[in-house]
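Student: What follows is coords-v2.txt; its format and atoms are compact mmCIF, C-alpha atoms and all ligand atoms.
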# COMPACT_ATOMS: atom_id res chain seq x y z
CA MET A 1041 7.13 63.23 30.90
CA PHE A 1042 9.48 65.07 28.57
CA ARG A 1043 12.31 67.57 29.00
CA ALA A 1044 11.74 71.20 28.10
CA ILE A 1045 13.05 74.64 28.86
CA LEU A 1046 10.26 76.37 30.72
CA VAL A 1047 10.06 80.15 31.09
CA THR A 1048 8.04 81.35 34.07
CA LYS A 1049 7.20 84.75 35.47
CA ASP A 1050 5.95 85.18 39.03
CA ASP A 1051 5.43 88.75 40.22
CA ASP A 1052 8.71 90.23 39.00
CA THR A 1053 10.81 87.06 38.85
CA TYR A 1054 11.54 85.96 35.29
CA GLN A 1055 13.15 82.54 35.04
CA ALA A 1056 14.11 79.97 32.40
CA ARG A 1057 15.05 76.49 33.58
CA LEU A 1058 15.34 72.97 32.28
CA SER A 1059 12.25 71.10 33.50
CA GLU A 1060 10.40 67.80 33.30
CA VAL A 1061 6.94 68.43 31.87
CA ASP A 1062 3.93 66.11 31.77
CA GLU A 1063 2.72 65.43 28.24
CA SER A 1064 -0.83 66.28 29.33
CA ALA A 1065 0.34 69.89 29.74
CA LEU A 1066 1.01 70.30 26.01
CA PRO A 1067 -1.12 73.00 24.41
CA GLU A 1068 -3.97 72.34 21.99
CA GLY A 1069 -3.21 71.29 18.45
CA ASP A 1070 -4.01 68.50 16.01
CA VAL A 1071 -0.48 67.15 15.55
CA THR A 1072 2.04 65.95 18.15
CA VAL A 1073 5.72 65.95 17.20
CA ALA A 1074 8.72 64.19 18.77
CA ILE A 1075 11.35 66.87 18.28
CA ASP A 1076 14.79 65.90 16.93
CA TYR A 1077 16.26 69.40 16.70
CA SER A 1078 15.39 72.98 17.50
CA SER A 1079 17.64 76.01 17.26
CA LEU A 1080 18.72 79.05 19.23
CA ASN A 1081 17.63 82.29 17.56
CA TYR A 1082 18.07 85.89 18.65
CA LYS A 1083 14.40 85.88 19.64
CA ASP A 1084 14.82 82.69 21.70
CA ALA A 1085 17.72 84.30 23.52
CA LEU A 1086 15.48 87.30 24.34
CA ALA A 1087 12.79 84.89 25.55
CA ILE A 1088 15.21 82.89 27.73
CA THR A 1089 16.94 85.88 29.30
CA GLY A 1090 13.84 88.10 29.52
CA ARG A 1091 15.82 90.92 27.87
CA GLY A 1092 13.01 91.53 25.38
CA PRO A 1093 9.21 91.11 25.55
CA VAL A 1094 9.01 88.01 23.35
CA VAL A 1095 6.97 85.70 25.59
CA ARG A 1096 3.30 86.65 25.66
CA ARG A 1097 1.99 83.79 27.83
CA PHE A 1098 3.45 82.02 30.86
CA PRO A 1099 4.59 79.37 31.45
CA MET A 1100 6.16 79.18 27.97
CA VAL A 1101 8.43 76.73 26.21
CA PRO A 1102 10.69 78.98 24.08
CA GLY A 1103 12.01 77.99 20.67
CA ILE A 1104 10.65 79.47 17.44
CA ASP A 1105 11.89 76.52 15.35
CA LEU A 1106 11.42 72.76 15.54
CA ALA A 1107 11.93 69.70 13.36
CA GLY A 1108 11.06 66.12 14.14
CA GLU A 1109 8.67 63.25 13.56
CA VAL A 1110 4.89 63.20 13.85
CA THR A 1111 3.82 60.80 16.62
CA HIS A 1112 0.08 61.52 16.60
CA SER A 1113 -2.13 63.31 14.11
CA LEU A 1114 -5.78 64.24 13.82
CA ALA A 1115 -5.01 66.12 10.59
CA PRO A 1116 -5.73 64.42 7.25
CA GLY A 1117 -2.44 65.54 5.66
CA PHE A 1118 -0.09 64.17 8.34
CA ALA A 1119 0.50 60.70 9.78
CA PRO A 1120 2.80 59.22 12.43
CA GLY A 1121 6.31 58.85 11.03
CA ASP A 1122 6.15 61.97 8.82
CA LYS A 1123 9.19 64.23 9.14
CA VAL A 1124 8.13 67.86 9.57
CA LEU A 1125 9.36 71.29 10.58
CA VAL A 1126 7.78 74.46 11.94
CA ASN A 1127 9.34 77.91 12.01
CA GLY A 1128 7.67 80.98 13.50
CA CYS A 1129 3.85 80.92 13.58
CA GLY A 1130 3.95 82.17 17.18
CA LEU A 1131 6.01 79.23 18.52
CA GLY A 1132 7.92 80.24 21.63
CA GLU A 1133 5.89 83.46 21.87
CA VAL A 1134 2.19 82.56 22.24
CA HIS A 1135 2.36 78.77 21.69
CA TRP A 1136 4.82 76.30 23.30
CA GLY A 1137 7.87 76.03 21.07
CA GLY A 1138 10.75 73.83 20.06
CA LEU A 1139 13.18 73.81 22.99
CA ALA A 1140 11.57 70.60 24.26
CA GLU A 1141 11.39 66.92 23.40
CA ARG A 1142 7.71 67.19 22.41
CA ALA A 1143 5.40 69.73 20.83
CA ARG A 1144 1.74 69.86 19.93
CA VAL A 1145 1.02 72.24 17.09
CA LYS A 1146 -1.59 73.18 14.51
CA SER A 1147 -1.20 71.20 11.29
CA GLU A 1148 -1.44 74.35 9.15
CA TRP A 1149 1.91 75.47 10.58
CA LEU A 1150 3.73 72.30 9.50
CA VAL A 1151 6.07 72.17 6.52
CA PRO A 1152 7.01 68.67 5.29
CA LEU A 1153 10.75 68.28 5.80
CA PRO A 1154 12.40 68.86 2.39
CA ALA A 1155 13.88 65.53 1.23
CA ARG A 1156 17.34 67.07 0.80
CA PHE A 1157 17.60 67.99 4.50
CA SER A 1158 17.99 66.02 7.70
CA THR A 1159 16.17 67.46 10.71
CA ARG A 1160 19.56 68.70 11.92
CA GLN A 1161 20.23 70.53 8.65
CA ALA A 1162 16.71 72.00 8.64
CA MET A 1163 17.24 73.42 12.11
CA SER A 1164 20.75 74.61 11.29
CA ILE A 1165 18.94 76.72 8.69
CA GLY A 1166 15.80 77.39 10.77
CA THR A 1167 14.22 80.82 11.02
CA ALA A 1168 17.52 82.58 10.26
CA GLY A 1169 18.09 80.81 6.94
CA PHE A 1170 14.41 81.04 6.08
CA THR A 1171 14.45 84.79 6.75
CA ALA A 1172 17.60 85.22 4.66
CA MET A 1173 15.78 83.45 1.80
CA LEU A 1174 12.75 85.76 2.22
CA CYS A 1175 15.13 88.73 2.04
CA VAL A 1176 16.71 87.44 -1.18
CA MET A 1177 13.24 86.91 -2.65
CA ALA A 1178 12.22 90.46 -1.61
CA LEU A 1179 15.26 91.90 -3.40
CA GLU A 1180 14.49 89.82 -6.49
CA ARG A 1181 10.87 91.01 -6.53
CA HIS A 1182 12.28 94.50 -6.90
CA GLY A 1183 14.52 93.61 -9.81
CA MET A 1184 17.82 92.54 -8.23
CA LYS A 1185 20.06 90.50 -10.58
CA PRO A 1186 23.46 88.88 -9.90
CA ASP A 1187 25.21 91.21 -12.36
CA GLY A 1188 23.59 94.35 -10.92
CA GLY A 1189 26.34 95.30 -8.49
CA GLU A 1190 27.45 94.65 -4.93
CA ILE A 1191 24.98 93.48 -2.26
CA LEU A 1192 25.66 94.54 1.33
CA VAL A 1193 24.86 92.12 4.18
CA THR A 1194 24.94 93.57 7.71
CA GLY A 1195 25.19 91.58 10.94
CA ALA A 1196 27.20 89.29 8.69
CA SER A 1197 28.50 86.76 11.22
CA GLY A 1198 25.05 86.19 12.72
CA GLY A 1199 22.50 83.58 11.66
CA VAL A 1200 20.55 85.66 9.15
CA GLY A 1201 23.70 87.36 7.86
CA SER A 1202 25.61 84.11 7.34
CA PHE A 1203 22.79 82.46 5.39
CA ALA A 1204 22.20 85.63 3.36
CA ILE A 1205 25.87 85.56 2.30
CA SER A 1206 25.79 81.85 1.47
CA LEU A 1207 22.57 82.09 -0.57
CA LEU A 1208 23.59 85.22 -2.47
CA ALA A 1209 27.05 83.87 -3.27
CA ALA A 1210 25.58 80.55 -4.46
CA SER A 1211 23.42 82.50 -6.94
CA GLY A 1212 26.38 84.46 -8.29
CA TYR A 1213 25.96 87.76 -6.42
CA THR A 1214 28.94 89.81 -5.26
CA VAL A 1215 28.53 90.08 -1.50
CA VAL A 1216 30.05 92.65 0.86
CA ALA A 1217 29.85 91.65 4.53
CA SER A 1218 29.59 94.25 7.30
CA THR A 1219 30.81 92.87 10.63
CA GLY A 1220 31.95 94.02 14.05
CA ARG A 1221 34.17 90.94 14.25
CA PRO A 1222 37.20 91.33 11.96
CA GLU A 1223 38.50 88.03 13.35
CA GLU A 1224 35.66 86.32 11.43
CA ALA A 1225 36.90 87.58 8.03
CA ASP A 1226 38.15 84.11 6.99
CA TYR A 1227 34.83 82.55 7.94
CA LEU A 1228 32.86 85.20 6.03
CA GLU A 1229 34.99 84.76 2.92
CA ARG A 1230 34.70 80.98 3.19
CA ILE A 1231 30.88 81.15 3.14
CA GLY A 1232 30.87 83.55 0.16
CA ALA A 1233 31.72 87.17 1.04
CA LYS A 1234 33.85 88.92 -1.59
CA ARG A 1235 35.06 91.58 0.81
CA ILE A 1236 34.52 92.71 4.40
CA ILE A 1237 33.81 96.18 5.79
CA PRO A 1238 33.93 97.11 9.50
CA ARG A 1239 30.60 97.51 11.28
CA ALA A 1240 31.78 100.94 12.48
CA GLU A 1241 31.59 102.33 8.92
CA LEU A 1242 27.81 102.22 9.12
CA ALA A 1243 27.34 102.74 12.87
CA ALA A 1244 27.75 106.52 13.22
CA PRO A 1245 25.03 108.91 12.03
CA GLY A 1246 25.72 109.72 8.36
CA ARG A 1247 24.50 112.11 5.67
CA PRO A 1248 20.96 111.80 4.23
CA LEU A 1249 22.52 110.73 0.91
CA GLY A 1250 25.89 109.01 0.69
CA LYS A 1251 27.99 107.69 -2.16
CA GLU A 1252 25.93 105.20 -4.19
CA LEU A 1253 27.50 101.85 -3.32
CA TRP A 1254 24.98 99.02 -3.05
CA ALA A 1255 22.64 97.48 -5.62
CA GLY A 1256 20.83 95.89 -2.69
CA VAL A 1257 21.12 95.37 1.06
CA ILE A 1258 20.06 92.67 3.53
CA ASP A 1259 19.99 94.26 6.97
CA SER A 1260 19.47 92.46 10.28
CA VAL A 1261 20.86 95.30 12.43
CA GLY A 1262 18.47 98.30 12.13
CA GLY A 1263 19.26 101.73 13.63
CA THR A 1264 21.92 103.96 12.06
CA THR A 1265 23.26 100.92 10.16
CA LEU A 1266 19.98 100.61 8.27
CA ALA A 1267 19.68 104.39 7.80
CA ASN A 1268 23.21 104.57 6.35
CA ALA A 1269 22.64 101.50 4.20
CA CYS A 1270 19.59 103.22 2.66
CA ALA A 1271 21.62 106.42 2.12
CA GLN A 1272 24.32 104.41 0.29
CA THR A 1273 21.98 102.36 -1.91
CA ARG A 1274 22.24 103.03 -5.62
CA TYR A 1275 19.47 104.59 -7.68
CA GLY A 1276 16.48 102.20 -7.83
CA GLY A 1277 18.04 99.69 -5.42
CA THR A 1278 16.30 97.77 -2.64
CA VAL A 1279 17.03 97.30 1.05
CA ALA A 1280 15.47 94.28 2.79
CA ALA A 1281 15.07 95.03 6.51
CA CYS A 1282 14.46 92.10 8.83
CA GLY A 1283 16.19 92.74 12.15
CA LEU A 1284 17.07 94.92 15.08
CA ALA A 1285 20.27 93.38 16.47
CA GLY A 1286 21.69 96.90 16.78
CA SER A 1287 18.58 98.97 17.36
CA MET A 1288 14.84 99.20 16.79
CA ASP A 1289 15.18 102.85 15.70
CA LEU A 1290 15.33 104.05 12.13
CA PRO A 1291 16.97 107.49 12.21
CA ALA A 1292 16.67 108.06 8.45
CA THR A 1293 15.46 110.79 6.07
CA VAL A 1294 13.20 110.40 3.05
CA ALA A 1295 16.03 111.53 0.72
CA PRO A 1296 17.04 108.05 -0.60
CA PHE A 1297 13.38 107.26 -1.31
CA ILE A 1298 12.36 110.46 -3.07
CA LEU A 1299 15.66 111.31 -4.79
CA ARG A 1300 16.96 107.82 -5.68
CA GLY A 1301 13.73 105.84 -5.79
CA ILE A 1302 15.07 103.16 -3.48
CA THR A 1303 12.72 100.62 -1.88
CA LEU A 1304 12.73 99.58 1.77
CA ALA A 1305 11.24 96.06 1.85
CA GLY A 1306 10.15 94.76 5.25
CA VAL A 1307 10.55 91.04 5.87
CA ASP A 1308 8.63 89.00 8.47
CA SER A 1309 9.16 85.28 8.91
CA VAL A 1310 6.70 84.59 11.74
CA TYR A 1311 3.36 85.06 10.00
CA CYS A 1312 4.68 84.67 6.46
CA PRO A 1313 1.76 83.32 4.36
CA ALA A 1314 1.81 79.57 3.60
CA PRO A 1315 2.45 79.82 -0.18
CA LEU A 1316 5.49 82.07 0.34
CA ARG A 1317 6.63 79.87 3.25
CA SER A 1318 6.61 76.76 1.14
CA ALA A 1319 8.24 78.54 -1.83
CA ALA A 1320 11.05 79.78 0.41
CA TRP A 1321 11.71 76.29 1.86
CA GLN A 1322 11.69 74.81 -1.65
CA ARG A 1323 14.27 77.34 -2.79
CA LEU A 1324 16.42 76.70 0.29
CA ALA A 1325 16.28 72.99 -0.54
CA THR A 1326 17.50 73.55 -4.08
CA GLU A 1327 19.87 76.52 -3.77
CA LEU A 1328 21.63 76.32 -0.43
CA PRO A 1329 25.03 74.61 -0.60
CA LEU A 1330 25.06 71.78 1.97
CA ALA A 1331 28.71 72.53 2.76
CA GLY A 1332 27.60 76.08 3.66
CA ILE A 1333 25.17 74.73 6.27
CA ASP A 1334 27.97 72.77 7.96
CA ALA A 1335 30.26 75.80 7.87
CA ILE A 1336 27.64 78.06 9.45
CA ALA A 1337 26.07 75.85 12.14
CA THR A 1338 27.24 74.33 15.40
CA GLU A 1339 25.31 71.94 17.61
CA ILE A 1340 24.53 72.06 21.33
CA ARG A 1341 22.42 70.02 23.76
CA LEU A 1342 19.22 71.32 25.31
CA ASP A 1343 20.91 71.77 28.70
CA GLU A 1344 23.45 74.16 27.11
CA ALA A 1345 20.88 76.48 25.54
CA ILE A 1346 20.16 78.66 28.58
CA ALA A 1347 23.84 79.51 29.13
CA MET A 1348 24.35 80.27 25.45
CA ALA A 1349 21.41 82.70 25.23
CA ALA A 1350 23.26 85.61 26.88
CA ASP A 1351 26.34 85.04 24.68
CA LEU A 1352 24.17 85.19 21.58
CA LEU A 1353 22.63 88.52 22.60
CA ASP A 1354 26.12 89.84 23.33
CA GLY A 1355 27.13 89.06 19.73
CA LYS A 1356 29.58 86.32 20.77
CA VAL A 1357 27.99 83.46 18.85
CA ARG A 1358 28.99 82.96 15.22
CA GLY A 1359 26.54 81.66 12.61
CA ARG A 1360 23.81 79.34 13.82
CA VAL A 1361 23.20 77.04 16.74
CA ALA A 1362 21.18 73.84 16.27
CA VAL A 1363 19.85 72.34 19.51
CA ARG A 1364 19.74 68.55 19.69
CA LEU A 1365 16.75 66.99 21.48
CA ALA A 1366 16.67 63.37 20.36
P1 LIG B 1 22.42 86.78 15.59
O1 LIG B 1 22.60 87.18 16.99
O2 LIG B 1 22.82 85.44 15.14
O3 LIG B 1 23.14 87.83 14.62
C1 LIG B 1 23.07 89.21 14.81
C2 LIG B 1 24.36 89.83 14.29
O4 LIG B 1 24.19 91.24 14.31
C3 LIG B 1 25.56 89.54 15.19
O5 LIG B 1 26.17 88.33 14.88
C4 LIG B 1 26.44 90.72 14.87
O6 LIG B 1 27.12 90.47 13.65
C5 LIG B 1 25.43 91.84 14.63
N1 LIG B 1 25.23 92.66 15.84
C6 LIG B 1 24.96 92.22 17.09
N2 LIG B 1 24.84 93.26 17.94
C7 LIG B 1 25.04 94.38 17.20
C8 LIG B 1 25.05 95.76 17.50
N3 LIG B 1 24.83 96.20 18.74
N4 LIG B 1 25.28 96.62 16.51
C9 LIG B 1 25.52 96.20 15.24
N5 LIG B 1 25.52 94.88 14.90
C10 LIG B 1 25.29 93.99 15.87
O7 LIG B 1 20.87 87.02 15.28
P2 LIG B 1 20.01 86.50 14.02
O8 LIG B 1 20.86 86.56 12.80
O9 LIG B 1 19.29 85.28 14.35
O10 LIG B 1 18.94 87.68 13.95
C11 LIG B 1 19.37 88.98 13.60
C12 LIG B 1 18.22 89.96 13.78
O11 LIG B 1 17.18 89.64 12.87
C13 LIG B 1 17.61 89.96 15.17
O12 LIG B 1 17.24 91.27 15.51
C14 LIG B 1 16.39 89.10 15.00
O13 LIG B 1 15.40 89.40 15.95
C15 LIG B 1 15.97 89.48 13.60
N6 LIG B 1 15.19 88.45 12.94
C16 LIG B 1 14.02 88.83 12.37
C17 LIG B 1 13.25 87.93 11.70
C18 LIG B 1 12.01 88.40 11.03
O14 LIG B 1 11.10 87.59 10.83
N7 LIG B 1 11.92 89.66 10.66
C19 LIG B 1 13.62 86.51 11.65
C20 LIG B 1 14.95 86.23 12.19
C21 LIG B 1 15.67 87.18 12.84
P3 LIG B 1 28.65 90.89 13.44
O15 LIG B 1 29.37 90.45 14.67
O16 LIG B 1 29.08 90.18 12.20
O17 LIG B 1 28.66 92.40 13.28
In structure tokens, write the structure found in this file.
Tutor:
Amino acid sequence: MFRAILVTKDDDTYQARLSEVDESALPEGDVTVAIDYSSLNYKDALAITGRGPVVRRFPMVPGIDLAGEVTHSLAPGFAPGDKVLVNGCGLGEVHWGGLAERARVKSEWLVPLPARFSTRQAMSIGTAGFTAMLCVMALERHGMKPDGGEILVTGASGGVGSFAISLLAASGYTVVASTGRPEEADYLERIGAKRIIPRAELAAPGRPLGKELWAGVIDSVGGTTLANACAQTRYGGTVAACGLAGSMDLPATVAPFILRGITLAGVDSVYCPAPLRSAAWQRLATELPLAGIDAIATEIRLDEAIAMAADLLDGKVRGRVAVRLA
């Protein structure tokens, strides 16, 4: 038996509870992992609370991230004792995920744990840090350079936002953080923001074209925030869009695209192809300041995750939450 959060749905009752699960119930896969750490992401909070349609099969173990040690493997590339991680790949949505002491997964989803990281550090980074790295890489693909001007990061105190700030600052970019929590200004400056702007500046519907402010943007908020960020992006700049913490809408016009040639780059972490996945983890392992990880992440136990899910969706959780299993 092992402990897991189990999400069930009977008729109209949606429930997440800490449960004891028999190992024989684990889904199919060629590698079994004893999980050291998982994490609590926005998507996991939606899955736990039922506030968003994340879970596609029931019962489900939520948790889109996991890191731990291989205990059994039928895959040639992995052996018991190997330290591994998985992020995305349908974990916690269509395949049992990381908020459990055990997982059985497909070997093609596994990433060898980078030597520089402990399993705790890897899960402090998790999908949020990985997605922030993909956003940075998307901006770079479209020509962004550290001396090109200010980069705006929205949803700044959240997981993706915090790691975006830390990564950009470590590479010499000038980062402007947009936040609804002015009380987190010290934190945001500590992890690398040069200056802070209030979330409200981007929240109200704006003009199709605004003053040209940003060389690039990493947006995890969506809605009018993303529309205004596009309208304020400088000629030829790029906006990496990865989230919907504010809204799934995009109430924008084509003006920034056809008059300023800006690029809107979509970023998906879940089904990110393996070569890009491994490149992003390698860059995290070389570029992310370890002190930044400690500043951004806190740790909770599995039995605290359900209560914290609602707080996270309500924007009350700062940075990242690693969930300890071992
Ligand atoms: P967090 O909850 O950690 O951070 C979200 C941040 O957005 C909050 O901290 C807050 O920042 C801001 N925010 C929250 N609510 C609102 C609101 N109503 N209006 C404006 N801003 C708001 O989540 P994550 O960082 O883990 O994820 C952020 C988003 O990115 C989510 O939508 C998530 O689903 C998505 N995501 C997408 C991925 C992909 O593969 N495309 C991967 C990972 C995440 P502040 O208080 O500083 O304003």
Student: Please check which protein, DNA or RNA residues sit within 6 Å of ligand LIG 1 (chain B), counting all atoms listed in the file, and write them as a ChimeraX atom specification.
Tutor: /A:1081-1083,1167-1168,1171,1195-1201,1219-1221,1239,1260-1261,1282-1286,1307-1310,1352-1353,1355,1359
Student: Write a file of the just-selected residues containing C-alpha atoms, as a compact mmCIF listing (two decimals), in the coordinates of the input.
Tutor:
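result.txt, freshly written:
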# COMPACT_ATOMS: atom_id res chain seq x y z
CA ASN A 1081 17.63 82.29 17.56
CA TYR A 1082 18.07 85.89 18.65
CA LYS A 1083 14.40 85.88 19.64
CA THR A 1167 14.22 80.82 11.02
CA ALA A 1168 17.52 82.58 10.26
CA THR A 1171 14.45 84.79 6.75
CA GLY A 1195 25.19 91.58 10.94
CA ALA A 1196 27.20 89.29 8.69
CA SER A 1197 28.50 86.76 11.22
CA GLY A 1198 25.05 86.19 12.72
CA GLY A 1199 22.50 83.58 11.66
CA VAL A 1200 20.55 85.66 9.15
CA GLY A 1201 23.70 87.36 7.86
CA THR A 1219 30.81 92.87 10.63
CA GLY A 1220 31.95 94.02 14.05
CA ARG A 1221 34.17 90.94 14.25
CA ARG A 1239 30.60 97.51 11.28
CA SER A 1260 19.47 92.46 10.28
CA VAL A 1261 20.86 95.30 12.43
CA CYS A 1282 14.46 92.10 8.83
CA GLY A 1283 16.19 92.74 12.15
CA LEU A 1284 17.07 94.92 15.08
CA ALA A 1285 20.27 93.38 16.47
CA GLY A 1286 21.69 96.90 16.78
CA VAL A 1307 10.55 91.04 5.87
CA ASP A 1308 8.63 89.00 8.47
CA SER A 1309 9.16 85.28 8.91
CA VAL A 1310 6.70 84.59 11.74
CA LEU A 1352 24.17 85.19 21.58
CA LEU A 1353 22.63 88.52 22.60
CA GLY A 1355 27.13 89.06 19.73
CA GLY A 1359 26.54 81.66 12.61
Student: Can you work out which one of A:Ser1211, A:Ser1079, A:Thr1265, A:Ser1218 has the shortest atom-to-atom distance to Arg1364 (chain A), counting all atoms listed in the file?
Tutor: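 The answer is A:Ser1079, which sits nearest to Arg1364 (chain A).
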Student: Rounded to one decimal place, report the CA of Ser1158 (chain A)-CA of Ala1143 (chain A) distance in Å.
Tutor: 18.6 Å
Student: Select, from A:Val1124, A:Ile1165, A:Val1095, A:Lys1146, the residue with the minimum atom-to-atom distance to Ala1320 (chain A), counting all atoms listed in the file.
Tutor: A:Ile1165
Student: For CA of Arg1230 (chain A) and CA of Gly1332 (chain A), determine how far apart the two atoms are, in Å to one decimal place.
Tutor: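 Interatomic distance here is 8.6 Å.
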Student: So how far away is CA of Leu1086 (chain A) from CA of Ala1074 (chain A), in Å?
Tutor: 24.7 Å
Student: Under the rule that all atoms listed in the file are counted, which of A:Ile1237, A:Val1110, A:Ala1044, A:Val1126 is the nearest residue to Cys1312 (chain A)?
Tutor: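 The answer is A:Val1126, which sits nearest to Cys1312 (chain A).
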Student: At a cut-off of 8 Å from (-4.1, 68.1, 13.6) in the coordinates of the file, what residues are picked up using all atoms listed in the file, written as a list in words?
Tutor: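 Every polymer residue passing the test: Gly1069, Asp1070, Val1071, Thr1072, Ser1113, Leu1114, Ala1115, Pro1116, Phe1118, Val1145, Lys1146 and Ser1147 of chain A.
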Student: Determine the nearest neighbour of Arg1323 (chain A) from the options A:Gly1256, A:Gly1250, A:Pro1067, A:Gly1169, counting all atoms listed in the file.
Tutor: A:Gly1169
Student: Smallest atom-to-atom distance to Gly1306 (chain A): which of A:Glu1068, A:Asp1050, A:Asp1226, A:Asp1259, using all atoms listed in the file?
Tutor: A:Asp1259
Student: Would you kindly return, as JSON, numbers by chain, each protein, DNA or RNA residue with an atom no farther than 8 Å from any atom of region 1287-1300 of chain A, considering only C-alpha atoms and excluding same-chain residues fewer than 5 positions away?
Tutor: {"A": [1248, 1249, 1261, 1262, 1263, 1264, 1266, 1267, 1268, 1270, 1271, 1273, 1274, 1275, 1276]}
Student: Residues at most 6 Å from Gln1272 (chain A), counting all atoms listed in the file, excluding those fewer than 5 positions away in the same chain, as a PyMOL selection string?
Tutor: chain A and resi 1250-1253
Student: So which residues touch Leu1066 (chain A) within 9 Å, counting all atoms listed in the file, skipping near sequence neighbours fewer than 2 positions away, as a count of residues only?
Tutor: 10
Student: Looking at only C-alpha atoms, which of A:Glu1223, A:Glu1339, A:Asp1105, A:Asp1051 is the one that sits closest to Arg1360 (chain A)?
Tutor: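 Using only C-alpha atoms, Arg1360 (chain A) sits closest to A:Glu1339.
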Student: Taking (26.9, 74.7, -3.5) as a centre in this file's frame and 12 Å as the limit, can you find every polymer residue with an atom that close, using only C-alpha atoms, and give them as a list in words?
Tutor: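 Protein and nucleic acid residues near the point are Ser1206, Leu1207, Leu1208, Ala1209, Ala1210, Ser1211, Gly1212, Ile1231, Gly1232, Leu1324, Ala1325, Thr1326, Glu1327, Leu1328, Pro1329, Leu1330, Ala1331, Gly1332, Ile1333, Asp1334 and Ala1335 of chain A.
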Student: Residues at most 8 Å from Ile1088 (chain A), counting all atoms listed in the file, excluding those fewer than 3 positions away in the same chain, as a list in words?
Tutor: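 Everything that qualifies: Val1047, Gln1055, Ala1056, Asp1084, Ala1085, Pro1102, Ile1346 and Ala1349 of chain A.
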Student: Is it possible to get the axis-aligned box enclosing region 1057-1068 of chain A (all listed atoms, 5 Å extra per side) as lines of an AutoDock Vina configuration file, with centre and edge lengths in Å rounded to one decimal?
Tutor:
center_x = 5.7
center_y = 71.0
center_z = 27.8
size_x = 29.3
size_y = 21.1
size_z = 21.6
